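Asker: One file: protein33.csv (CSV, C-alpha atoms).
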chain,number,residue,atom,x,y,z
K,1,MET,CA,-20.6,-19.3,-13.2
K,2,ALA,CA,-18.4,-18.6,-16.2
K,3,SER,CA,-18.2,-14.9,-15.4
K,4,LYS,CA,-17.1,-15.7,-11.8
K,5,SER,CA,-14.3,-17.8,-13.2
K,6,VAL,CA,-13.2,-14.9,-15.5
K,7,TYR,CA,-13.1,-12.5,-12.5
K,8,TYR,CA,-11.0,-14.9,-10.5
K,9,TRP,CA,-8.7,-15.4,-13.4
K,10,ILE,CA,-8.3,-11.7,-13.7
K,11,LEU,CA,-7.5,-11.4,-10.0
K,12,ILE,CA,-5.1,-14.4,-9.8
K,13,CYS,CA,-3.3,-14.1,-13.2
K,14,LEU,CA,-3.4,-10.4,-14.0
K,15,ILE,CA,-3.6,-8.5,-10.7
K,16,ASP,CA,-2.0,-10.6,-8.0
K,17,PRO,CA,1.4,-10.9,-9.7
K,18,TRP,CA,1.9,-7.2,-9.5
K,19,ILE,CA,2.8,-7.4,-5.8
K,20,LEU,CA,6.2,-8.4,-7.1
K,21,ALA,CA,6.7,-5.1,-8.9
K,22,PRO,CA,8.4,-3.2,-6.1
K,23,MET,CA,10.9,-5.9,-5.3
K,24,LEU,CA,11.6,-6.4,-9.0
K,25,GLY,CA,12.2,-2.6,-9.2
K,26,TYR,CA,14.7,-2.9,-6.3
K,27,ALA,CA,16.5,-5.9,-8.0
K,28,TRP,CA,16.8,-3.9,-11.2
K,29,SER,CA,18.2,-0.9,-9.3
K,30,ARG,CA,20.9,-3.2,-7.8
K,31,PHE,CA,21.7,-4.8,-11.1
K,32,ARG,CA,22.1,-1.5,-13.1
K,33,THR,CA,23.0,0.9,-10.3
K,34,GLY,CA,23.0,4.7,-10.9
K,35,TYR,CA,19.6,5.2,-9.0
K,36,GLN,CA,18.9,7.5,-6.1
K,37,GLU,CA,19.1,6.1,-2.6
K,38,PRO,CA,17.6,8.6,-0.2
K,39,PRO,CA,18.1,8.0,3.6
K,40,TRP,CA,14.6,6.6,4.0
K,41,ILE,CA,15.0,3.9,1.3
K,42,ARG,CA,16.0,1.2,3.8
K,43,PRO,CA,12.8,1.3,6.0
K,44,PHE,CA,10.8,1.5,2.7
K,45,LEU,CA,12.6,-1.6,1.4
K,46,TRP,CA,11.9,-3.6,4.4
K,47,THR,CA,8.3,-2.6,4.4
K,48,GLN,CA,8.1,-3.8,0.8
K,49,VAL,CA,9.8,-7.1,1.7
K,50,PHE,CA,7.3,-7.7,4.6
K,51,ASP,CA,4.3,-6.6,2.4
K,52,LEU,CA,5.4,-9.1,-0.3
K,53,VAL,CA,5.7,-12.0,2.2
K,54,GLN,CA,2.3,-11.3,3.8
K,55,GLY,CA,0.6,-10.7,0.5
K,56,SER,CA,2.0,-14.0,-0.9
K,57,VAL,CA,0.7,-15.9,2.1
K,58,PHE,CA,-2.7,-14.1,1.8
K,59,ILE,CA,-3.0,-15.1,-1.8
K,60,ALA,CA,-1.9,-18.7,-1.1
K,61,LEU,CA,-4.6,-19.1,1.6
K,62,ALA,CA,-7.2,-17.7,-0.8
K,63,LEU,CA,-6.2,-20.2,-3.5
K,64,LEU,CA,-6.6,-23.0,-0.9
K,65,HIS,CA,-10.1,-21.6,-0.1
K,66,GLN,CA,-9.2,-20.9,3.5
K,67,ASN,CA,-10.1,-17.8,5.4
K,68,ASN,CA,-7.3,-15.3,5.2
K,69,GLN,CA,-8.7,-12.2,6.9
K,70,TRP,CA,-7.2,-13.1,10.2
K,71,LEU,CA,-3.8,-12.6,8.6
K,72,ARG,CA,-4.6,-9.1,7.4
K,73,HIS,CA,-5.8,-8.2,10.9
K,74,LEU,CA,-2.2,-9.0,12.1
K,75,THR,CA,-0.1,-7.8,9.2
K,76,GLN,CA,-1.7,-4.7,7.9
K,77,PRO,CA,-1.0,-2.6,11.0
K,78,LEU,CA,2.7,-3.6,10.6
K,79,VAL,CA,2.7,-2.5,7.0
K,80,PHE,CA,1.0,0.7,8.1
K,81,LEU,CA,3.7,1.2,10.7
K,82,GLY,CA,6.4,0.7,8.1
K,83,PHE,CA,4.9,3.3,5.8
K,84,LEU,CA,4.5,5.8,8.6
K,85,TRP,CA,8.1,5.4,9.6
K,86,THR,CA,9.2,5.8,6.0
K,87,LEU,CA,7.1,9.0,5.6
K,88,PHE,CA,8.4,10.3,8.9
K,89,ARG,CA,11.9,9.9,7.6
K,90,LEU,CA,11.1,12.2,4.6
K,91,GLY,CA,11.7,15.3,6.7
K,92,PRO,CA,13.6,16.4,9.8
K,93,GLY,CA,12.2,15.1,13.0
K,94,SER,CA,10.9,18.2,14.6
K,95,ARG,CA,8.7,18.2,17.7
K,96,ASN,CA,5.6,19.0,15.6
K,97,ARG,CA,6.4,16.3,13.1
K,98,ARG,CA,6.8,13.7,15.8
K,99,ALA,CA,3.5,14.7,17.4
K,100,LEU,CA,1.7,14.5,14.1
K,101,TYR,CA,3.0,11.1,13.3
K,102,GLY,CA,2.4,9.9,16.8
K,103,VAL,CA,-1.2,10.9,16.6
K,104,CYS,CA,-1.6,9.1,13.2
K,105,LEU,CA,0.1,6.0,14.6
K,106,ALA,CA,-2.2,6.0,17.7
K,107,ALA,CA,-5.3,6.5,15.5
K,108,GLY,CA,-4.3,3.6,13.3
K,109,LEU,CA,-3.5,1.2,16.2
K,110,ALA,CA,-6.8,2.1,17.9
K,111,ALA,CA,-8.7,1.5,14.7
K,112,ALA,CA,-7.0,-1.9,14.3
K,113,VAL,CA,-8.1,-3.0,17.8
K,114,ILE,CA,-11.7,-1.6,17.4
K,115,GLY,CA,-12.0,-3.2,14.0
K,116,PHE,CA,-10.9,-6.5,15.3
K,117,GLU,CA,-13.5,-6.3,18.1
K,118,LEU,CA,-16.2,-5.4,15.6
K,119,ASP,CA,-15.4,-7.6,12.6
K,120,GLY,CA,-13.5,-10.5,14.2
K,121,VAL,CA,-11.2,-12.7,12.1
K,122,LYS,CA,-13.8,-13.7,9.5
K,123,TRP,CA,-14.3,-10.3,8.0
K,124,ARG,CA,-12.0,-7.6,6.7
K,125,ASN,CA,-10.9,-5.0,9.2
K,126,SER,CA,-12.8,-2.2,7.5
K,127,VAL,CA,-12.4,0.2,10.4
K,128,PHE,CA,-8.7,0.0,10.3
K,129,THR,CA,-8.3,0.0,6.5
K,130,SER,CA,-10.6,3.1,6.2
K,131,THR,CA,-8.7,4.9,9.0
K,132,MET,CA,-5.4,3.9,7.3
K,133,SER,CA,-6.6,5.5,4.0
K,134,LEU,CA,-7.7,8.7,5.7
K,135,VAL,CA,-4.3,8.9,7.5
K,136,TYR,CA,-2.5,8.4,4.3
K,137,LEU,CA,-4.6,11.0,2.5
K,138,GLY,CA,-3.9,13.6,5.2
K,139,LEU,CA,-0.2,12.9,5.5
K,140,VAL,CA,0.5,12.6,1.8
K,141,THR,CA,-1.3,15.9,1.1
K,142,TRP,CA,0.9,17.6,3.8
K,143,GLU,CA,4.1,16.0,2.6
K,144,LEU,CA,3.4,16.8,-1.0
K,145,LYS,CA,2.8,20.5,-0.1
K,146,THR,CA,6.1,20.5,1.7
K,147,LEU,CA,7.9,18.8,-1.2
K,148,THR,CA,6.5,21.2,-3.8
K,149,GLN,CA,7.6,24.1,-1.7
K,150,SER,CA,11.2,22.9,-1.5
K,151,GLU,CA,11.7,21.5,-5.0
K,152,GLU,CA,11.2,22.9,-8.5
K,153,GLU,CA,8.0,21.6,-10.1
K,154,ASN,CA,9.8,20.2,-13.2
K,155,HIS,CA,12.1,18.1,-11.0
K,156,LEU,CA,9.4,16.4,-8.9
K,157,ALA,CA,9.0,13.4,-11.2
K,158,GLY,CA,12.6,12.5,-10.7
K,159,LEU,CA,12.3,12.3,-6.9
K,160,PRO,CA,11.8,8.9,-5.2
K,161,ALA,CA,9.7,10.8,-2.5
K,162,PHE,CA,7.3,12.0,-5.1
K,163,TRP,CA,6.6,8.5,-6.4
K,164,LEU,CA,6.2,7.2,-2.8
K,165,LEU,CA,3.7,9.9,-2.0
K,166,ALA,CA,1.9,9.5,-5.4
K,167,ALA,CA,1.5,5.8,-4.8
K,168,LEU,CA,0.0,6.3,-1.4
K,169,LEU,CA,-2.3,9.0,-2.7
K,170,VAL,CA,-3.6,6.7,-5.5
K,171,TYR,CA,-4.1,3.8,-3.0
K,172,SER,CA,-5.8,5.8,-0.3
K,173,SER,CA,-8.1,7.9,-2.5
K,174,GLY,CA,-8.9,5.0,-4.8
K,175,THR,CA,-9.7,2.4,-2.2
K,176,LEU,CA,-11.2,4.4,0.6
K,177,ILE,CA,-14.9,3.7,-0.4
K,178,PHE,CA,-14.0,0.1,-1.0
K,179,ASN,CA,-12.3,-0.3,2.4
K,180,ALA,CA,-15.3,1.3,4.1
K,181,SER,CA,-17.9,-0.9,2.3
K,182,SER,CA,-16.0,-4.2,1.7
K,183,ASN,CA,-17.7,-6.1,4.4
K,184,TYR,CA,-21.1,-5.0,3.1
K,185,PHE,CA,-20.2,-6.5,-0.3
K,186,LEU,CA,-19.1,-9.7,1.4
K,187,ARG,CA,-22.4,-10.0,3.3
K,188,THR,CA,-24.8,-8.9,0.6
K,189,LEU,CA,-23.5,-9.6,-3.0
K,190,PRO,CA,-24.4,-12.9,-4.6
K,191,PRO,CA,-21.4,-15.2,-5.3
K,192,HIS,CA,-21.3,-14.4,-9.1
K,193,LEU,CA,-21.0,-10.7,-8.4
K,194,LEU,CA,-18.8,-10.8,-5.4
K,195,PRO,CA,-15.4,-10.6,-7.3
K,196,ILE,CA,-16.4,-7.4,-9.1
K,197,PRO,CA,-15.5,-4.8,-6.4
K,198,TRP,CA,-12.2,-6.8,-5.7
K,199,VAL,CA,-11.3,-6.6,-9.4
K,200,VAL,CA,-11.9,-2.8,-9.5
K,201,ALA,CA,-9.9,-2.3,-6.3
K,202,GLY,CA,-7.3,-4.7,-7.7
K,203,PHE,CA,-6.5,-2.5,-10.7
K,204,ILE,CA,-5.9,0.4,-8.3
K,205,HIS,CA,-3.5,-1.8,-6.4
K,206,VAL,CA,-1.7,-2.5,-9.7
K,207,ILE,CA,-1.1,1.3,-10.2
K,208,HIS,CA,0.0,1.6,-6.6
K,209,GLU,CA,2.5,-1.2,-6.9
K,210,VAL,CA,4.0,0.2,-10.2
K,211,MET,CA,4.5,3.5,-8.5
K,212,LEU,CA,6.2,1.9,-5.5
K,213,ALA,CA,8.5,0.2,-7.9
K,214,LYS,CA,9.4,3.5,-9.4
K,215,VAL,CA,10.6,4.7,-6.0
K,216,PHE,CA,13.7,2.4,-6.6
K,217,LEU,CA,14.1,3.5,-10.2
K,218,CYS,CA,14.7,7.3,-10.1
K,219,PRO,CA,18.1,7.9,-11.8
K,220,LYS,CA,20.7,10.1,-10.0
K,221,PRO,CA,20.6,13.6,-11.5
K,222,THR,CA,23.4,14.3,-14.0
K,223,SER,CA,25.7,17.2,-13.2
K,224,SER,CA,25.4,20.1,-15.7
Show this structure as structure tokens.

Answerer:
Amino acid sequence: MASKSVYYWILICLIDPWILAPMLGYAWSRFRTGYQEPPWIRPFLWTQVFDLVQGSVFIALALLHQNNQWLRHLTQPLVFLGFLWTLFRLGPGSRNRRALYGVCLAAGLAAAVIGFELDGVKWRNSVFTSTMSLVYLGLVTWELKTLTQSEEENHLAGLPAFWLLAALLVYSSGTLIFNASSNYFLRTLPPHLLPIPWVVAGFIHVIHEVMLAKVFLCPKPTSS
């Protein structure tokens, strides 16, 4: 019982507060100025605002010991849409690019509906979250290849696009197995072991959130 309390303390006190990191990064960039503002930063910002709000409500419901998976069934596809639109804005809107992102959007929305039918509001939408991770993996790999071909390698770490893509790569690769098997954990693990996979996935989310904050904190290049 004590170990379960420790796990929940780690989740609530050490992991959950990191959902604030991207917006704190944005606030700091407004306070100090001098940071890059690529054209796609506005849809990225609003995606982060929405993600923070839905994440805060999700945590509040958990603290009240109420089922919160119904909320994620509704809000995660919207966060997915926001990230897709942000990624699409990274490059020129060619016909092939529009077709690729249209297919990814259709796959994600179809998975959201199928997952809702299979899992209902009580369980995590593992079909959608797994599909979302696979879509991110494919798109990020493609976008990183394009980015490395157009930019010098030693300049990549100074680009907001690099940190956005790196954050999604960490998230999608690090949580893919968890997303696919989370409902299995919920159904089979005894209560004292149930928090363990959430703690492991939580630390991946921490890295993800820190990288998203860095998107706002890339200084403008100095002229030589």

Asker: Looking at only C-alpha atoms, which of K:Leu169, K:Val127, K:Leu217, K:Leu156 is the one that sits closest to Asn183 in chain K?

Answerer: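 Checking each of K:Leu169, K:Val127, K:Leu217, K:Leu156 against Asn183 in chain K, counting only C-alpha atoms, the winner is K:Val127.
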
Asker: Can you list every residue of range 52-117 of chain K that has an atom at most 9 Å from range 128-145 of chain K, with its nearest atom pair and the distance in Å to one decimal, using all atoms listed in the file, ordered by chain then number, as CSV?

Answerer:
residue,atom,partner,partner_atom,distance
K:His73,CA,K:Phe128,CA,8.7
K:Gln76,CA,K:Thr129,CA,8.2
K:Pro77,CA,K:Phe128,CA,8.2
K:Phe80,CA,K:Met132,CA,7.2
K:Leu84,CA,K:Tyr136,CA,8.6
K:Leu87,CA,K:Glu143,CA,8.2
K:Leu90,CA,K:Glu143,CA,8.2
K:Gly91,CA,K:Glu143,CA,8.7
K:Leu100,CA,K:Leu139,CA,9.0
K:Tyr101,CA,K:Leu139,CA,8.6
K:Cys104,CA,K:Val135,CA,6.3
K:Leu105,CA,K:Val135,CA,8.8
K:Ala107,CA,K:Thr131,CA,7.5
K:Gly108,CA,K:Met132,CA,6.1
K:Leu109,CA,K:Phe128,CA,8.0
K:Ala110,CA,K:Phe128,CA,8.1
K:Ala111,CA,K:Phe128,CA,4.6
K:Ala112,CA,K:Phe128,CA,4.7
K:Val113,CA,K:Phe128,CA,8.1
K:Ile114,CA,K:Phe128,CA,7.9
K:Gly115,CA,K:Phe128,CA,5.9
K:Phe116,CA,K:Phe128,CA,8.5

Asker: Please produce a file of those selected residues containing C-alpha atoms, as a PDB file, in the frame of the given file.

Answerer:
ATOM      1  CA  HIS K  73      -5.800  -8.200  10.900  1.00  0.00           C
ATOM      2  CA  GLN K  76      -1.700  -4.700   7.900  1.00  0.00           C
ATOM      3  CA  PRO K  77      -1.000  -2.600  11.000  1.00  0.00           C
ATOM      4  CA  PHE K  80       1.000   0.700   8.100  1.00  0.00           C
ATOM      5  CA  LEU K  84       4.500   5.800   8.600  1.00  0.00           C
ATOM      6  CA  LEU K  87       7.100   9.000   5.600  1.00  0.00           C
ATOM      7  CA  LEU K  90      11.100  12.200   4.600  1.00  0.00           C
ATOM      8  CA  GLY K  91      11.700  15.300   6.700  1.00  0.00           C
ATOM      9  CA  LEU K 100       1.700  14.500  14.100  1.00  0.00           C
ATOM     10  CA  TYR K 101       3.000  11.100  13.300  1.00  0.00           C
ATOM     11  CA  CYS K 104      -1.600   9.100  13.200  1.00  0.00           C
ATOM     12  CA  LEU K 105       0.100   6.000  14.600  1.00  0.00           C
ATOM     13  CA  ALA K 107      -5.300   6.500  15.500  1.00  0.00           C
ATOM     14  CA  GLY K 108      -4.300   3.600  13.300  1.00  0.00           C
ATOM     15  CA  LEU K 109      -3.500   1.200  16.200  1.00  0.00           C
ATOM     16  CA  ALA K 110      -6.800   2.100  17.900  1.00  0.00           C
ATOM     17  CA  ALA K 111      -8.700   1.500  14.700  1.00  0.00           C
ATOM     18  CA  ALA K 112      -7.000  -1.900  14.300  1.00  0.00           C
ATOM     19  CA  VAL K 113      -8.100  -3.000  17.800  1.00  0.00           C
ATOM     20  CA  ILE K 114     -11.700  -1.600  17.400  1.00  0.00           C
ATOM     21  CA  GLY K 115     -12.000  -3.200  14.000  1.00  0.00           C
ATOM     22  CA  PHE K 116     -10.900  -6.500  15.300  1.00  0.00           C
TER      23      PHE K 116
END

Asker: Report, in Å to a single decimal, how far apart CA of Val49 in chain K and CA of Met23 in chain K are.

Answerer: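 One can read the CA of Met23 in chain K to CA of Val49 in chain K distance as 7.2 Å.
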
Asker: Counting all atoms listed in the file, figure out which residue out of K:Ile12, K:Ala27, K:Ala201, K:Leu52 gets nearest to Gly174 in chain K.

Answerer: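 Of K:Ile12, K:Ala27, K:Ala201, K:Leu52, the one nearest Gly174 in chain K, counting all atoms listed in the file, is K:Ala201.
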
Asker: Do you have the CA of Phe83 in chain K-CA of Ser172 in chain K distance handy?

Answerer: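 Calculated distance between CA of Phe83 in chain K and CA of Ser172 in chain K is 12.6 Å.
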
Asker: Taking 5 positions as the minimum chain separation for residues in the same chain, which residues sit within 7 Å of Ala21 in chain K when counting all atoms listed in the file? Answer as a VMD selection string.

Answerer: chain K and resid 209 to 210 213

Asker: Could you work out how far CA of Leu71 in chain K lies from CA of Ile10 in chain K, giving the answer in Å with one decimal?

Answerer: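 Distance reported for this atom pair: 22.8 Å.
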
Asker: I'd like the contact shell of Pro38 in chain K - 10 Å cut-off, all atoms listed in the file, skipping same-chain residues fewer than 3 positions apart - returned as a list in words.

Answerer: Tyr35, Ile41, Arg42, Arg89, Leu90, Leu159, Pro160, Ala161, Val215 and Phe216 of chain K

Asker: I'd like the neighbourhood of Val121 in chain K as a VMD selection string, where a residue qualifies if any of its atoms comes within 9 Å (using all atoms listed in the file), though same-chain residues fewer than 6 positions away should be ignored.

Answerer: chain K and resid 67 to 73
